[in-house]
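Everything on this sheet refers to the single structure shown next.
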Amino acid sequence: DAGGGTVEYNNTSNFTLSATQATYNNLTVNTSVGVVCTQLSDLTLNGNLFVKQGTYRINDDTQTMKLSLSIYGDVTVNSGAYLYVGKGHTNTTTDPTSISGGTAPFLNYYEQFHRVIINGNFTNNGTVRFTNLDHPQYNLFPPTTNGATTGAASVYFQGTANSTLLCNGTTDFYNIILDKGADQTYKLSVQPSAYENFRIFGANIASATVSTPNPDLRKALWIRNGSLVLSGLAVIPSLTEGTTAGSEYYIPANGALVLSGIDVIVLNTADDAGEADVAYGVTGTTGVNTTGAAYQGMVVYGKLQVNDGYLSTRESAGLLYSSVNSGQFEINGGIIDSKQFRTYDGSTSGAEYRQNGGIFILRGRFVRPVGYSSISSLSDTTNALSARAVNGTDDTYGTFNLEYEENIFSMSGGTIRVYDASGTAGQQKIVDVGSSLANSSVTGGTIEVRPQVGTVLSDASTLLVWSKESMYGNFTVNRGADCSTEVRVRTNPLKILKNLTITSGYLRTTGQNITVGGNFTVSAAGTYNSNATTIFNGTK
């Protein structure tokens, strides 16, 4: 019964758990070193699973039945102990896109594999493997004939309390489904002690049902309910490699993704298989797709929060909000790297953008150079931008776009750094804020426009800055060498709470008044061309 005692197995040779006992309270495996305890029937633990010594194995290497292991307490795996799945395959197809249906969270997609449910904390000091793959395989399920790489489990983190996943040893997942509570309240905090200690190897190309604020995802990582908080040495090299509409990565209204560690690295999509290989210390990653950029963006119906670390959407459509639900974007620190930030469906949305720190880099058409010689190279933003490609950007909108009056624009610190336009026309919006005055709150922060010379696609002749009623904290123009692109204020006056700085380049007002509340600095390499009024209204 729940609240009862502990059953501890101390066997000295391999054994199978009895099918006649389907429920334990606490279960401890404390066998001789190398001894394997195998589960071959469904099992429920009302309390904790403790692999103290030896091995706990879900299924053997030949059986093909799907098993369930439900744990309502904590999971602990000691140093030198093992928890893994056997090599008996359970999936009936290798095509991830062919499986649909089922009742969330137990969609048929995830039920192709063993089901493991964990309600408490998970502490791994040993070796845990819920897949027998030795590298990510983003476009295929494992083989349907038993072999060295078959066998996998979908792991569900559930419950109505905060929990932690401590990865102090190898902790390999196939599918992870976060399903805590019924909103963003409860958290799963992932804390790996090394980058190779937390890895997700499952397929991620299938599309989602996207007509509701809480779509059913078919990805290796599904944040269904609750908040996934990444800290420590956590790296995720790809969330989606899909190439069809609906295969973007969706954060649902009931979910949140939080980056909260200086060493955390998340790539929404990989630009090259080598990025995943380096991230996880493996070779042979397959399924990285570089042709579906338009459908590899991150769509936020719920919340994306970056407190520290690095998030990049690589060569995808970028960070996207939608009329389906008013998503929240919060940047308190760290670095976000993307091609564009814009509306996804062109319909009125009350999405919120709040920045209190950090750097939001928007490249427009510029391609982030592929470099993966080390983990640190995955988050390197110092490489010069040169080549251009559209790759999912939409020139209907500015590179930084808050399209509607209902959008909330709040900025107290940090930097929005914009390099390029999103399209190929001569004049392109780069900063485009349509938020009403009632929905704007600016006390600081910097908008930095940095035109650069590029290749493949021509430089924009003019980059346009537009805002309806809101103001900006600090505004800087810093044009790269040999670039002739002008920055122009268009349609509405530009209101700057603090400082206007032209470090290098050309700022033209085109008949719009400019209001400056702080210092006005034009360096020797800069030009300010105004045919309207420049107003200084600072209080000191």
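Letters A, B, ... go to the chains of the structure tokens in the order shown; residues in each chain start at 1; ligands are counted from 1 in the same order.
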Which residues of stretch 102-199 of chain A come within 12 Å of stretch 294-307 of chain A, and for each one, what is the closest pair of atoms and their distance in Å to one decimal, counting only C-alpha atoms, sorted by chain and residue number, as JSON lines?
```
{"residue": "A:Asp183", "atom": "CA", "partner": "A:Gly302", "partner_atom": "CA", "distance": 9.4}
{"residue": "A:Gln184", "atom": "CA", "partner": "A:Gly302", "partner_atom": "CA", "distance": 8.2}
{"residue": "A:Thr185", "atom": "CA", "partner": "A:Lys303", "partner_atom": "CA", "distance": 11.6}
```
- Show which residues sit within 8 Å of A:Asn59, as a list in words. Count only C-alpha atoms, and ignore same-chain residues fewer than 3 positions away.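 So the residues in contact are Thr38, Gln39, Leu40, Gln63, Leu67, Val85, Gly86, Lys87 and Gly88 of chain A.
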- Task: Please identify which residues in stretch 26-107 of chain A DSSP calls strand (DSSP E or B) from the backbone, and express them as a PyMOL selection string.
- Result: chain A and resi 26-30+36-39+43-45+49-53+55-58+68-71+75-77+82-85+102-103+106-107
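Using only C-alpha atoms, the nearest neighbour of A:Lys187 within the list A:Asn254, A:Ser422, A:Thr144, A:Ser247 is A:Asn254.
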- Could you pull the residues within 12 Å of A:Ala425, counting only C-alpha atoms, minus those fewer than 3 positions along the same chain, as a list in words? Arg365, Val390, Asp394, Asp395, Thr396, Asp420, Ala421, Ser422, Gln428, Lys429, Leu457, Ser458, Asp459, Ala460, Ser461, Thr462, Leu463 and Leu464 of chain A
- Interatomic distance between atom CA of A:Gly526 and atom CA of A:Gln355?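 For atom CA of A:Gly526 relative to atom CA of A:Gln355, the distance reads 28.0 Å.
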- Would you list, as an NGL selection string, the residues of stretch 256-372 of chain A that end up in alpha helix (DSSP H) under DSSP run on this structure's backbone? :A and (273-280)
- Residues within 9 Å of A:Ser470, only C-alpha atoms, excluding chain neighbours under 6 positions, as JSON, numbers by chain: {"A": [409, 433, 434, 435, 436, 437, 438, 439, 440, 441, 442, 494, 495]}
Using the selection just defined, write its residues with all heavy atoms as a JSON list (two decimals), in the first residue's frame.
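Just written: result.json:
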```json
[["chain", "number", "residue", "atom", "x", "y", "z"],
["A", 409, "PHE", "N", 4.95, 45.88, -24.90],
["A", 409, "PHE", "CA", 6.38, 46.11, -25.07],
["A", 409, "PHE", "C", 6.91, 46.75, -23.80],
["A", 409, "PHE", "O", 6.57, 47.88, -23.47],
["A", 409, "PHE", "CB", 6.63, 47.02, -26.28],
["A", 409, "PHE", "CG", 8.09, 47.35, -26.49],
["A", 409, "PHE", "CD1", 9.02, 46.35, -26.69],
["A", 409, "PHE", "CD2", 8.52, 48.68, -26.51],
["A", 409, "PHE", "CE1", 10.36, 46.65, -26.91],
["A", 409, "PHE", "CE2", 9.86, 48.99, -26.74],
["A", 409, "PHE", "CZ", 10.78, 47.97, -26.92],
["A", 433, "VAL", "N", 7.57, 48.45, -33.98],
["A", 433, "VAL", "CA", 6.80, 48.29, -32.75],
["A", 433, "VAL", "C", 5.48, 49.03, -32.89],
["A", 433, "VAL", "O", 5.45, 50.26, -32.98],
["A", 433, "VAL", "CB", 7.57, 48.80, -31.52],
["A", 433, "VAL", "CG1", 6.72, 48.66, -30.26],
["A", 433, "VAL", "CG2", 8.88, 48.04, -31.37],
["A", 434, "GLY", "N", 4.38, 48.28, -32.91],
["A", 434, "GLY", "CA", 3.07, 48.88, -33.05],
["A", 434, "GLY", "C", 2.28, 48.97, -31.77],
["A", 434, "GLY", "O", 1.11, 49.33, -31.78],
["A", 435, "SER", "N", 2.92, 48.64, -30.64],
["A", 435, "SER", "CA", 2.21, 48.66, -29.36],
["A", 435, "SER", "C", 1.67, 50.05, -29.04],
["A", 435, "SER", "O", 2.32, 51.06, -29.30],
["A", 435, "SER", "CB", 3.16, 48.22, -28.24],
["A", 435, "SER", "OG", 3.71, 46.96, -28.50],
["A", 436, "SER", "N", 0.49, 50.08, -28.47],
["A", 436, "SER", "CA", -0.08, 51.36, -28.06],
["A", 436, "SER", "C", 0.66, 51.90, -26.85],
["A", 436, "SER", "O", 1.40, 51.17, -26.17],
["A", 436, "SER", "CB", -1.56, 51.18, -27.70],
["A", 436, "SER", "OG", -1.69, 50.40, -26.53],
["A", 437, "LEU", "N", 0.47, 53.18, -26.57],
["A", 437, "LEU", "CA", 1.13, 53.80, -25.42],
["A", 437, "LEU", "C", 0.71, 53.10, -24.13],
["A", 437, "LEU", "O", 1.52, 52.91, -23.22],
["A", 437, "LEU", "CB", 0.78, 55.29, -25.36],
["A", 437, "LEU", "CG", 1.52, 56.13, -24.32],
["A", 437, "LEU", "CD1", 3.01, 56.10, -24.59],
["A", 437, "LEU", "CD2", 1.01, 57.56, -24.32],
["A", 438, "ALA", "N", -0.54, 52.70, -24.04],
["A", 438, "ALA", "CA", -1.04, 52.03, -22.84],
["A", 438, "ALA", "C", -0.38, 50.67, -22.62],
["A", 438, "ALA", "O", -0.32, 50.19, -21.49],
["A", 438, "ALA", "CB", -2.55, 51.86, -22.94],
["A", 439, "ASN", "N", 0.12, 50.08, -23.70],
["A", 439, "ASN", "CA", 0.74, 48.76, -23.60],
["A", 439, "ASN", "C", 2.26, 48.83, -23.67],
["A", 439, "ASN", "O", 2.91, 47.81, -23.90],
["A", 439, "ASN", "CB", 0.21, 47.86, -24.72],
["A", 439, "ASN", "CG", -1.22, 47.42, -24.48],
["A", 439, "ASN", "OD1", -1.62, 47.20, -23.33],
["A", 439, "ASN", "ND2", -2.00, 47.33, -25.54],
["A", 440, "SER", "N", 2.82, 50.01, -23.48],
["A", 440, "SER", "CA", 4.27, 50.19, -23.52],
["A", 440, "SER", "C", 4.77, 50.69, -22.17],
["A", 440, "SER", "O", 4.14, 51.53, -21.53],
["A", 440, "SER", "CB", 4.66, 51.21, -24.59],
["A", 440, "SER", "OG", 4.27, 50.77, -25.87],
["A", 441, "SER", "N", 5.92, 50.15, -21.76],
["A", 441, "SER", "CA", 6.58, 50.59, -20.54],
["A", 441, "SER", "C", 8.07, 50.48, -20.74],
["A", 441, "SER", "O", 8.63, 49.38, -20.73],
["A", 441, "SER", "CB", 6.13, 49.75, -19.34],
["A", 441, "SER", "OG", 6.85, 50.11, -18.18],
["A", 442, "VAL", "N", 8.74, 51.61, -20.95],
["A", 442, "VAL", "CA", 10.17, 51.63, -21.23],
["A", 442, "VAL", "C", 10.86, 52.53, -20.22],
["A", 442, "VAL", "O", 10.53, 53.71, -20.09],
["A", 442, "VAL", "CB", 10.46, 52.12, -22.66],
["A", 442, "VAL", "CG1", 11.96, 52.23, -22.89],
["A", 442, "VAL", "CG2", 9.84, 51.18, -23.68],
["A", 494, "LEU", "N", 10.33, 59.39, -33.55],
["A", 494, "LEU", "CA", 11.13, 58.49, -32.73],
["A", 494, "LEU", "C", 11.36, 59.14, -31.38],
["A", 494, "LEU", "O", 11.90, 60.25, -31.29],
["A", 494, "LEU", "CB", 12.47, 58.20, -33.41],
["A", 494, "LEU", "CG", 13.43, 57.28, -32.66],
["A", 494, "LEU", "CD1", 12.83, 55.89, -32.49],
["A", 494, "LEU", "CD2", 14.77, 57.19, -33.40],
["A", 495, "LYS", "N", 10.93, 58.45, -30.33],
["A", 495, "LYS", "CA", 11.06, 58.98, -28.98],
["A", 495, "LYS", "C", 12.07, 58.14, -28.21],
["A", 495, "LYS", "O", 11.90, 56.93, -28.04],
["A", 495, "LYS", "CB", 9.71, 58.95, -28.27],
["A", 495, "LYS", "CG", 8.62, 59.77, -28.97],
["A", 495, "LYS", "CD", 7.28, 59.58, -28.30],
["A", 495, "LYS", "CE", 6.18, 60.31, -29.06],
["A", 495, "LYS", "NZ", 4.84, 60.10, -28.45]]
```
- Distance criterion (only C-alpha atoms): nearest to A:Ser98 out of A:Thr149, A:Gln112, A:Asn513, A:Ala317: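 Using only C-alpha atoms, A:Ser98 sits closest to A:Gln112.
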- Message: At a cut-off of 6 Å, using only C-alpha atoms, what residues contact A:Phe157? Leave out same-chain residues fewer than 5 positions from it and give the result as a PyMOL selection string.
- Response: chain A and resi 118-119+178-179
- Message: List the spatial neighbours of stretch 161-173 of chain A as a PyMOL selection string - criterion: any atom at most 6 Å away, only C-alpha atoms, same-chain residues fewer than 2 positions off excluded.
- Response: chain A and resi 120-130+159+175+186-193+197-200
Would you save the residues from that selection as a JSON list (two decimals), in the first residue's frame, using C-alpha atoms?
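Once written, selection_4.json looks like this:
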```json
[["chain", "number", "residue", "atom", "x", "y", "z"],
["A", 120, "GLY", "CA", 8.89, 12.83, -7.73],
["A", 121, "ASN", "CA", 12.57, 13.74, -8.00],
["A", 122, "PHE", "CA", 15.00, 11.83, -10.18],
["A", 123, "THR", "CA", 18.62, 11.63, -9.00],
["A", 124, "ASN", "CA", 21.10, 9.76, -11.14],
["A", 125, "ASN", "CA", 24.64, 9.21, -9.91],
["A", 126, "GLY", "CA", 25.10, 6.09, -12.01],
["A", 127, "THR", "CA", 24.02, 5.25, -15.57],
["A", 128, "VAL", "CA", 20.47, 5.65, -16.90],
["A", 129, "ARG", "CA", 19.54, 4.86, -20.50],
["A", 130, "PHE", "CA", 15.95, 4.94, -21.75],
["A", 159, "GLY", "CA", 2.62, 15.31, -10.38],
["A", 175, "ASN", "CA", 11.15, 10.93, -25.36],
["A", 186, "TYR", "CA", 4.88, 23.31, -11.31],
["A", 187, "LYS", "CA", 8.48, 22.96, -12.42],
["A", 188, "LEU", "CA", 10.88, 20.27, -13.47],
["A", 189, "SER", "CA", 14.39, 21.61, -12.86],
["A", 190, "VAL", "CA", 17.03, 19.83, -14.96],
["A", 191, "GLN", "CA", 20.54, 20.09, -13.52],
["A", 192, "PRO", "CA", 23.26, 18.12, -15.35],
["A", 193, "SER", "CA", 26.79, 18.19, -13.93],
["A", 197, "ASN", "CA", 25.04, 13.68, -18.74],
["A", 198, "PHE", "CA", 21.69, 14.86, -20.14],
["A", 199, "ARG", "CA", 20.87, 13.77, -23.69],
["A", 200, "ILE", "CA", 17.68, 13.36, -25.74]]
```
- Message: I'd like the interatomic distance between atom CA of A:Trp466 and atom CA of A:Ala532, to a tenth of an Å.
- Response: 15.9 Å
- Query: So which one's closest to A:Val489, A:Gly357, A:Gly232, A:Gly281, A:Gly511? Using only C-alpha atoms, please.
  - Reply: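 Of the candidates, the smallest distance to A:Val489 is held by A:Gly511.
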- Query: Which of these, A:Tyr84, A:Phe475, A:Phe329, A:Tyr321, has the shortest distance to A:Ala256 once you count only C-alpha atoms?
  - Reply: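 Among A:Tyr84, A:Phe475, A:Phe329, A:Tyr321, it is A:Phe329 that comes nearest to A:Ala256.
Minimum atom-to-atom distances from A:Ser412, A:Thr501, A:Thr476, A:Thr509 to A:Thr521 were compared using only C-alpha atoms, and the lowest value belongs to A:Thr501.
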